[in-house]
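What's in my_file_13.cif: mmCIF, C-alpha atoms
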```cif
data_run
#
loop_
_atom_site.label_atom_id
_atom_site.label_comp_id
_atom_site.auth_asym_id
_atom_site.auth_seq_id
_atom_site.Cartn_x
_atom_site.Cartn_y
_atom_site.Cartn_z
CA MET E 1 -2.12 -32.16 -10.06
CA ASN E 2 -3.88 -35.30 -8.98
CA TYR E 3 -7.07 -36.38 -10.65
CA GLU E 4 -9.34 -39.20 -9.61
CA ARG E 5 -8.80 -42.25 -11.82
CA MET E 6 -10.71 -45.52 -12.03
CA HIS E 7 -9.24 -48.41 -10.07
CA ASN E 8 -11.68 -51.23 -10.87
CA LYS E 9 -9.19 -54.05 -11.41
CA GLU E 10 -11.74 -56.85 -11.33
CA PRO E 11 -14.07 -56.75 -13.02
CA LEU E 12 -12.79 -54.18 -15.48
CA PRO E 13 -15.38 -51.53 -16.26
CA THR E 14 -17.29 -51.57 -19.51
CA TYR E 15 -16.80 -48.82 -22.08
CA ASP E 16 -20.13 -47.31 -20.96
CA GLY E 17 -18.95 -47.48 -17.34
CA ILE E 18 -15.83 -45.55 -18.31
CA ARG E 19 -17.95 -42.91 -20.07
CA ASP E 20 -20.19 -42.58 -17.00
CA PHE E 21 -17.13 -42.15 -14.77
CA ILE E 22 -15.71 -39.32 -16.91
CA GLY E 23 -19.07 -37.56 -17.04
CA ASN E 24 -20.13 -34.04 -17.96
CA THR E 25 -18.48 -32.05 -20.73
CA ALA E 26 -15.31 -34.13 -20.83
CA VAL E 27 -17.12 -37.26 -22.04
CA LYS E 28 -18.18 -35.44 -25.22
CA GLU E 29 -14.53 -34.69 -25.97
CA PHE E 30 -13.56 -38.24 -25.04
CA ASP E 31 -16.14 -39.50 -27.56
CA LYS E 32 -14.70 -37.19 -30.26
CA VAL E 33 -11.17 -38.54 -29.72
CA ILE E 34 -12.39 -42.17 -29.72
CA ALA E 35 -14.47 -41.57 -32.86
CA PHE E 36 -11.50 -39.96 -34.64
CA ILE E 37 -9.23 -42.90 -33.78
CA GLU E 38 -11.76 -45.57 -34.75
CA GLU E 39 -12.70 -43.84 -38.03
CA ASN E 40 -9.11 -43.25 -39.13
CA TYR E 41 -6.97 -46.10 -37.79
CA ASP E 42 -7.16 -49.87 -37.75
CA TYR E 43 -5.98 -50.45 -34.17
CA SER E 44 -7.48 -52.74 -31.55
CA LYS E 45 -8.97 -51.13 -28.44
CA ASP E 46 -8.08 -52.76 -25.12
CA ILE E 47 -9.48 -51.80 -21.74
CA CYS E 48 -7.01 -52.88 -19.08
CA TYR E 49 -5.72 -52.14 -15.60
CA GLY E 50 -2.39 -50.30 -15.54
CA GLY E 51 -1.62 -50.77 -11.85
CA LYS E 52 -2.32 -48.72 -8.74
CA ASN E 53 -0.59 -45.61 -10.12
CA TYR E 54 -2.44 -45.53 -13.44
CA GLY E 55 -5.74 -47.32 -12.88
CA VAL E 56 -7.98 -48.33 -15.78
CA LEU E 57 -6.82 -47.32 -19.24
CA ILE E 58 -7.81 -47.70 -22.87
CA ARG E 59 -4.98 -48.55 -25.22
CA TYR E 60 -5.06 -48.56 -29.01
CA LYS E 61 -2.47 -51.01 -30.32
CA ARG E 62 -1.51 -52.81 -33.52
CA SER E 63 1.37 -55.21 -34.04
CA GLY E 64 2.71 -54.51 -30.57
CA LYS E 65 2.87 -50.74 -31.16
CA THR E 66 0.70 -48.33 -29.21
CA LEU E 67 -0.90 -45.37 -30.96
CA ILE E 68 -2.34 -43.75 -27.82
CA THR E 69 -3.31 -44.60 -24.26
CA LEU E 70 -6.28 -42.87 -22.65
CA PHE E 71 -6.71 -42.56 -18.88
CA PRO E 72 -10.32 -41.92 -17.78
CA GLU E 73 -10.48 -39.44 -14.91
CA LYS E 74 -13.34 -37.76 -13.06
CA ASP E 75 -14.57 -34.83 -15.19
CA ARG E 76 -11.61 -35.19 -17.60
CA PHE E 77 -9.29 -37.69 -19.28
CA SER E 78 -5.60 -37.78 -20.04
CA CYS E 79 -3.90 -38.96 -23.21
CA PHE E 80 -0.47 -40.53 -23.30
CA LEU E 81 1.46 -40.21 -26.58
CA ILE E 82 5.04 -41.22 -27.24
CA PHE E 83 6.83 -39.08 -29.80
CA GLY E 84 10.01 -40.43 -31.33
CA THR E 85 12.70 -38.32 -33.01
CA LYS E 86 10.70 -37.94 -36.23
CA GLU E 87 7.52 -36.83 -34.43
CA ILE E 88 9.46 -34.41 -32.21
CA GLU E 89 10.92 -32.78 -35.30
CA GLN E 90 7.49 -32.57 -36.97
CA PHE E 91 5.93 -31.01 -33.87
CA THR E 92 8.81 -28.56 -33.48
CA ASN E 93 8.37 -27.43 -37.09
CA ARG E 94 4.64 -26.91 -36.51
CA LYS E 95 4.60 -25.70 -32.90
CA ASN E 96 3.10 -22.33 -33.87
CA GLU E 97 -0.09 -24.26 -34.82
CA PHE E 98 -0.56 -25.30 -31.18
CA SER E 99 -1.65 -23.43 -28.05
CA ASP E 100 0.54 -22.38 -25.15
CA TYR E 101 -0.86 -25.30 -23.14
CA ILE E 102 0.26 -27.91 -25.69
CA ASN E 103 3.60 -26.17 -26.29
CA THR E 104 4.27 -25.91 -22.55
CA THR E 105 3.35 -29.57 -22.05
CA PHE E 106 5.71 -30.49 -24.88
CA SER E 107 8.61 -28.34 -23.70
CA GLU E 108 8.29 -29.42 -20.04
CA THR E 109 8.18 -33.13 -20.93
CA LYS E 110 11.52 -34.81 -20.36
CA GLN E 111 13.42 -35.89 -23.46
CA TYR E 112 14.47 -39.55 -23.19
CA HIS E 113 16.82 -41.40 -25.52
CA ASP E 114 13.81 -42.78 -27.41
CA GLY E 115 11.70 -39.63 -27.44
CA LYS E 116 9.18 -37.73 -25.35
CA TRP E 117 6.39 -39.34 -23.35
CA LEU E 118 3.62 -36.75 -23.43
CA LEU E 119 0.66 -36.73 -21.04
CA ILE E 120 -2.05 -34.31 -22.14
CA GLY E 121 -5.10 -33.64 -19.96
CA ILE E 122 -8.44 -32.79 -21.59
CA GLN E 123 -11.38 -31.30 -19.65
CA ASP E 124 -13.38 -29.57 -22.36
CA GLU E 125 -13.40 -28.77 -26.09
CA LYS E 126 -10.57 -26.23 -25.80
CA TYR E 127 -7.74 -28.66 -26.70
CA THR E 128 -9.48 -31.60 -28.38
CA GLY E 129 -8.65 -30.42 -31.91
CA GLU E 130 -5.02 -29.95 -30.95
CA LEU E 131 -4.88 -33.41 -29.38
CA ILE E 132 -6.21 -34.85 -32.63
CA GLY E 133 -3.48 -32.87 -34.43
CA MET E 134 -0.91 -34.49 -32.13
CA ILE E 135 -2.32 -37.95 -32.94
CA LYS E 136 -2.00 -37.12 -36.66
CA ILE E 137 1.66 -36.25 -36.11
CA LYS E 138 2.15 -39.60 -34.37
CA LYS E 139 0.51 -41.52 -37.22
CA LYS E 140 -1.05 -40.22 -40.42
CA PRO E 141 -4.74 -41.13 -40.63
CA GLN E 142 -5.58 -44.13 -42.79
CA LYS E 143 -8.94 -45.08 -44.20
CA LYS E 144 -10.29 -48.41 -43.01
CA LEU E 145 -10.82 -51.05 -45.63
#
```

Could you quickly redo this structure as structure tokens?
Amino acid sequence: MNYERMHNKEPLPTYDGIRDFIGNTAVKEFDKVIAFIEENYDYSKDICYGGKNYGVLIRYKRSGKTLITLFPEKDRFSCFLIFGTKEIEQFTNRKNEFSDYINTTFSETKQYHDGKWLLIGIQDEKYTGELIGMIKIKKKPQKKL
């Protein structure tokens, strides 16, 4: 499925501009994911342009490692998570805690030598909690100092 992404290379949109682009119900879920990340992890947030295929994205990074990449889309957003061997094993052991949608996304994602590159689309509150659960598998939450 193709979804409309932002392609404002210059100037890059502001955070509020990104929120306006997402719009409707999805922006509430976007805000929940952002709030969870910013309350539980000490990662820097970068808004950047990922090229013509990906458009504008928000990346949370620390020490060269990415926690999550968010792609704003019209009436939804997608989240890109990379699971290594350890995270794949943790998810597999807990897969009964996740919906058919998340399990299907996981099982249909190609396994590379370094792990799985998961792209999870969020339109409403139905899968936000599960996405946050996936982020917790990627990296245990830490309290900010």

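In this structure, atom CA of Tyr54 of chain E sits 20.2 Å away from atom CA of Leu131 of chain E.
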
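With all atoms listed in the file taken into account, the protein and nucleic acid residues at most 10 Å from Pro141 of chain E (excluding it and anything under 4 positions from it in its own chain) are Phe36, Ile37, Glu39, Asn40, Tyr41, Asp42, Ile135, Lys136 and Ile137 of chain E.
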
Practice task
Would you mind reading off the distance between atom CA of Pro11 of chain E and atom CA of Gly23 of chain E, one decimal, in Å?
Solution key: 20.2 Å

Handout entry: Chain and number of each residue from the PyMOL selection byres ((chain E and resi 15-20) around 12), as an MDAnalysis selection string
Key = chainID E and resid 5:8 11:14 21:31 34 45:48 55:58 70:77

Practice task
Apply the PyMOL selection byres ((chain E and resi 79) around 7) to the file shown and report the selected residues as a PyMOL selection string.
Solution key: chain E and resi 68-71+77-78+80-81+119-121

Please dump the current selection as a PDB file, in the frame of the given file; keep C-alpha atoms.
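What ended up in part_3.pdb:
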```pdb
ATOM      1  CA  ILE E  68      -2.340 -43.750 -27.820  1.00  0.00           C
ATOM      2  CA  THR E  69      -3.310 -44.600 -24.260  1.00  0.00           C
ATOM      3  CA  LEU E  70      -6.280 -42.870 -22.650  1.00  0.00           C
ATOM      4  CA  PHE E  71      -6.710 -42.560 -18.880  1.00  0.00           C
ATOM      5  CA  PHE E  77      -9.290 -37.690 -19.280  1.00  0.00           C
ATOM      6  CA  SER E  78      -5.600 -37.780 -20.040  1.00  0.00           C
ATOM      7  CA  PHE E  80      -0.470 -40.530 -23.300  1.00  0.00           C
ATOM      8  CA  LEU E  81       1.460 -40.210 -26.580  1.00  0.00           C
ATOM      9  CA  LEU E 119       0.660 -36.730 -21.040  1.00  0.00           C
ATOM     10  CA  ILE E 120      -2.050 -34.310 -22.140  1.00  0.00           C
ATOM     11  CA  GLY E 121      -5.100 -33.640 -19.960  1.00  0.00           C
TER      12      GLY E 121
END
```

Take segment 21-37 of chain E from the preceding structure and save all heavy atoms as a PDB file, in the first residue's frame.
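Output (selection_10.pdb):
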```pdb
ATOM      1  N   PHE E  21       0.397  17.696   9.180  1.00  0.00           N
ATOM      2  CA  PHE E  21       0.343  16.828   8.008  1.00  0.00           C
ATOM      3  C   PHE E  21      -0.319  15.492   8.351  1.00  0.00           C
ATOM      4  O   PHE E  21      -1.145  14.996   7.599  1.00  0.00           O
ATOM      5  CB  PHE E  21       1.753  16.594   7.453  1.00  0.00           C
ATOM      6  CG  PHE E  21       1.781  15.702   6.247  1.00  0.00           C
ATOM      7  CD1 PHE E  21       1.446  16.194   4.994  1.00  0.00           C
ATOM      8  CD2 PHE E  21       2.145  14.371   6.357  1.00  0.00           C
ATOM      9  CE1 PHE E  21       1.461  15.371   3.878  1.00  0.00           C
ATOM     10  CE2 PHE E  21       2.169  13.536   5.251  1.00  0.00           C
ATOM     11  CZ  PHE E  21       1.825  14.045   4.002  1.00  0.00           C
ATOM     12  N   ILE E  22       0.042  14.900   9.475  1.00  0.00           N
ATOM     13  CA  ILE E  22      -0.529  13.608   9.875  1.00  0.00           C
ATOM     14  C   ILE E  22      -2.027  13.761  10.091  1.00  0.00           C
ATOM     15  O   ILE E  22      -2.826  13.022   9.537  1.00  0.00           O
ATOM     16  CB  ILE E  22       0.153  13.053  11.141  1.00  0.00           C
ATOM     17  CG1 ILE E  22       1.618  12.718  10.850  1.00  0.00           C
ATOM     18  CG2 ILE E  22      -0.590  11.811  11.661  1.00  0.00           C
ATOM     19  CD1 ILE E  22       2.441  12.373  12.081  1.00  0.00           C
ATOM     20  N   GLY E  23      -2.399  14.736  10.921  1.00  0.00           N
ATOM     21  CA  GLY E  23      -3.800  15.069  11.125  1.00  0.00           C
ATOM     22  C   GLY E  23      -4.655  14.000  11.790  1.00  0.00           C
ATOM     23  O   GLY E  23      -4.235  12.868  12.017  1.00  0.00           O
ATOM     24  N   ASN E  24      -5.879  14.407  12.084  1.00  0.00           N
ATOM     25  CA  ASN E  24      -6.943  13.546  12.603  1.00  0.00           C
ATOM     26  C   ASN E  24      -6.539  12.671  13.781  1.00  0.00           C
ATOM     27  O   ASN E  24      -5.754  13.053  14.626  1.00  0.00           O
ATOM     28  CB  ASN E  24      -7.529  12.703  11.471  1.00  0.00           C
ATOM     29  CG  ASN E  24      -8.162  13.569  10.409  1.00  0.00           C
ATOM     30  OD1 ASN E  24      -8.666  14.636  10.700  1.00  0.00           O
ATOM     31  ND2 ASN E  24      -8.130  13.116   9.186  1.00  0.00           N
ATOM     32  N   THR E  25      -7.070  11.480  13.815  1.00  0.00           N
ATOM     33  CA  THR E  25      -6.868  10.554  14.933  1.00  0.00           C
ATOM     34  C   THR E  25      -5.423  10.113  15.053  1.00  0.00           C
ATOM     35  O   THR E  25      -4.906   9.937  16.148  1.00  0.00           O
ATOM     36  CB  THR E  25      -7.767   9.308  14.758  1.00  0.00           C
ATOM     37  OG1 THR E  25      -9.111   9.748  14.577  1.00  0.00           O
ATOM     38  CG2 THR E  25      -7.704   8.391  15.953  1.00  0.00           C
ATOM     39  N   ALA E  26      -4.766   9.932  13.926  1.00  0.00           N
ATOM     40  CA  ALA E  26      -3.400   9.394  13.934  1.00  0.00           C
ATOM     41  C   ALA E  26      -2.429  10.291  14.687  1.00  0.00           C
ATOM     42  O   ALA E  26      -1.487   9.798  15.307  1.00  0.00           O
ATOM     43  CB  ALA E  26      -2.909   9.158  12.515  1.00  0.00           C
ATOM     44  N   VAL E  27      -2.641  11.599  14.676  1.00  0.00           N
ATOM     45  CA  VAL E  27      -1.698  12.501  15.349  1.00  0.00           C
ATOM     46  C   VAL E  27      -1.730  12.285  16.860  1.00  0.00           C
ATOM     47  O   VAL E  27      -0.707  12.429  17.530  1.00  0.00           O
ATOM     48  CB  VAL E  27      -1.905  13.981  14.961  1.00  0.00           C
ATOM     49  CG1 VAL E  27      -3.084  14.595  15.704  1.00  0.00           C
ATOM     50  CG2 VAL E  27      -0.648  14.791  15.202  1.00  0.00           C
ATOM     51  N   LYS E  28      -2.876  11.901  17.407  1.00  0.00           N
ATOM     52  CA  LYS E  28      -2.959  11.615  18.845  1.00  0.00           C
ATOM     53  C   LYS E  28      -2.076  10.416  19.189  1.00  0.00           C
ATOM     54  O   LYS E  28      -1.398  10.408  20.212  1.00  0.00           O
ATOM     55  CB  LYS E  28      -4.404  11.345  19.251  1.00  0.00           C
ATOM     56  CG  LYS E  28      -5.314  12.550  19.115  1.00  0.00           C
ATOM     57  CD  LYS E  28      -6.754  12.169  19.391  1.00  0.00           C
ATOM     58  CE  LYS E  28      -7.672  13.339  19.067  1.00  0.00           C
ATOM     59  NZ  LYS E  28      -9.069  12.943  19.053  1.00  0.00           N
ATOM     60  N   GLU E  29      -2.092   9.415  18.333  1.00  0.00           N
ATOM     61  CA  GLU E  29      -1.267   8.228  18.557  1.00  0.00           C
ATOM     62  C   GLU E  29       0.207   8.539  18.334  1.00  0.00           C
ATOM     63  O   GLU E  29       1.070   8.051  19.058  1.00  0.00           O
ATOM     64  CB  GLU E  29      -1.740   7.085  17.658  1.00  0.00           C
ATOM     65  CG  GLU E  29      -3.199   6.726  17.842  1.00  0.00           C
ATOM     66  CD  GLU E  29      -3.607   6.586  19.304  1.00  0.00           C
ATOM     67  OE1 GLU E  29      -2.960   5.803  20.034  1.00  0.00           O
ATOM     68  OE2 GLU E  29      -4.570   7.256  19.718  1.00  0.00           O
ATOM     69  N   PHE E  30       0.487   9.365  17.349  1.00  0.00           N
ATOM     70  CA  PHE E  30       1.846   9.845  17.085  1.00  0.00           C
ATOM     71  C   PHE E  30       2.387  10.548  18.329  1.00  0.00           C
ATOM     72  O   PHE E  30       3.498  10.276  18.772  1.00  0.00           O
ATOM     73  CB  PHE E  30       1.811  10.791  15.879  1.00  0.00           C
ATOM     74  CG  PHE E  30       3.124  11.381  15.493  1.00  0.00           C
ATOM     75  CD1 PHE E  30       4.060  10.638  14.783  1.00  0.00           C
ATOM     76  CD2 PHE E  30       3.424  12.704  15.796  1.00  0.00           C
ATOM     77  CE1 PHE E  30       5.274  11.192  14.397  1.00  0.00           C
ATOM     78  CE2 PHE E  30       4.634  13.264  15.417  1.00  0.00           C
ATOM     79  CZ  PHE E  30       5.557  12.504  14.714  1.00  0.00           C
ATOM     80  N   ASP E  31       1.568  11.423  18.916  1.00  0.00           N
ATOM     81  CA  ASP E  31       1.963  12.144  20.133  1.00  0.00           C
ATOM     82  C   ASP E  31       2.238  11.179  21.292  1.00  0.00           C
ATOM     83  O   ASP E  31       3.169  11.381  22.072  1.00  0.00           O
ATOM     84  CB  ASP E  31       0.891  13.155  20.550  1.00  0.00           C
ATOM     85  CG  ASP E  31       0.810  14.356  19.614  1.00  0.00           C
ATOM     86  OD1 ASP E  31       1.758  14.587  18.835  1.00  0.00           O
ATOM     87  OD2 ASP E  31      -0.218  15.075  19.667  1.00  0.00           O
ATOM     88  N   LYS E  32       1.438  10.118  21.414  1.00  0.00           N
ATOM     89  CA  LYS E  32       1.644   9.134  22.480  1.00  0.00           C
ATOM     90  C   LYS E  32       2.985   8.429  22.324  1.00  0.00           C
ATOM     91  O   LYS E  32       3.711   8.221  23.306  1.00  0.00           O
ATOM     92  CB  LYS E  32       0.525   8.081  22.485  1.00  0.00           C
ATOM     93  CG  LYS E  32      -0.799   8.571  22.994  1.00  0.00           C
ATOM     94  CD  LYS E  32      -1.829   7.459  22.913  1.00  0.00           C
ATOM     95  CE  LYS E  32      -3.227   7.972  23.181  1.00  0.00           C
ATOM     96  NZ  LYS E  32      -4.235   6.908  22.981  1.00  0.00           N
ATOM     97  N   VAL E  33       3.321   8.056  21.087  1.00  0.00           N
ATOM     98  CA  VAL E  33       4.587   7.366  20.830  1.00  0.00           C
ATOM     99  C   VAL E  33       5.752   8.305  21.114  1.00  0.00           C
ATOM    100  O   VAL E  33       6.718   7.932  21.786  1.00  0.00           O
ATOM    101  CB  VAL E  33       4.638   6.818  19.381  1.00  0.00           C
ATOM    102  CG1 VAL E  33       6.023   6.288  19.039  1.00  0.00           C
ATOM    103  CG2 VAL E  33       3.586   5.731  19.195  1.00  0.00           C
ATOM    104  N   ILE E  34       5.670   9.542  20.635  1.00  0.00           N
ATOM    105  CA  ILE E  34       6.727  10.541  20.875  1.00  0.00           C
ATOM    106  C   ILE E  34       6.888  10.780  22.371  1.00  0.00           C
ATOM    107  O   ILE E  34       8.006  10.794  22.895  1.00  0.00           O
ATOM    108  CB  ILE E  34       6.408  11.871  20.145  1.00  0.00           C
ATOM    109  CG1 ILE E  34       6.422  11.679  18.625  1.00  0.00           C
ATOM    110  CG2 ILE E  34       7.347  12.984  20.582  1.00  0.00           C
ATOM    111  CD1 ILE E  34       7.752  11.468  17.980  1.00  0.00           C
ATOM    112  N   ALA E  35       5.776  10.954  23.079  1.00  0.00           N
ATOM    113  CA  ALA E  35       5.833  11.201  24.531  1.00  0.00           C
ATOM    114  C   ALA E  35       6.476  10.019  25.249  1.00  0.00           C
ATOM    115  O   ALA E  35       7.321  10.215  26.133  1.00  0.00           O
ATOM    116  CB  ALA E  35       4.430  11.466  25.087  1.00  0.00           C
ATOM    117  N   PHE E  36       6.115   8.800  24.873  1.00  0.00           N
ATOM    118  CA  PHE E  36       6.716   7.620  25.492  1.00  0.00           C
ATOM    119  C   PHE E  36       8.234   7.615  25.289  1.00  0.00           C
ATOM    120  O   PHE E  36       8.995   7.409  26.238  1.00  0.00           O
ATOM    121  CB  PHE E  36       6.112   6.326  24.927  1.00  0.00           C
ATOM    122  CG  PHE E  36       6.862   5.107  25.364  1.00  0.00           C
ATOM    123  CD1 PHE E  36       6.692   4.607  26.649  1.00  0.00           C
ATOM    124  CD2 PHE E  36       7.777   4.495  24.526  1.00  0.00           C
ATOM    125  CE1 PHE E  36       7.414   3.500  27.074  1.00  0.00           C
ATOM    126  CE2 PHE E  36       8.503   3.381  24.947  1.00  0.00           C
ATOM    127  CZ  PHE E  36       8.325   2.888  26.222  1.00  0.00           C
ATOM    128  N   ILE E  37       8.663   7.858  24.069  1.00  0.00           N
ATOM    129  CA  ILE E  37      10.104   7.846  23.769  1.00  0.00           C
ATOM    130  C   ILE E  37      10.821   8.928  24.569  1.00  0.00           C
ATOM    131  O   ILE E  37      11.839   8.672  25.210  1.00  0.00           O
ATOM    132  CB  ILE E  37      10.352   8.024  22.255  1.00  0.00           C
ATOM    133  CG1 ILE E  37       9.832   6.804  21.482  1.00  0.00           C
ATOM    134  CG2 ILE E  37      11.838   8.243  21.969  1.00  0.00           C
ATOM    135  CD1 ILE E  37       9.746   7.008  19.981  1.00  0.00           C
TER     136      ILE E  37
END
```
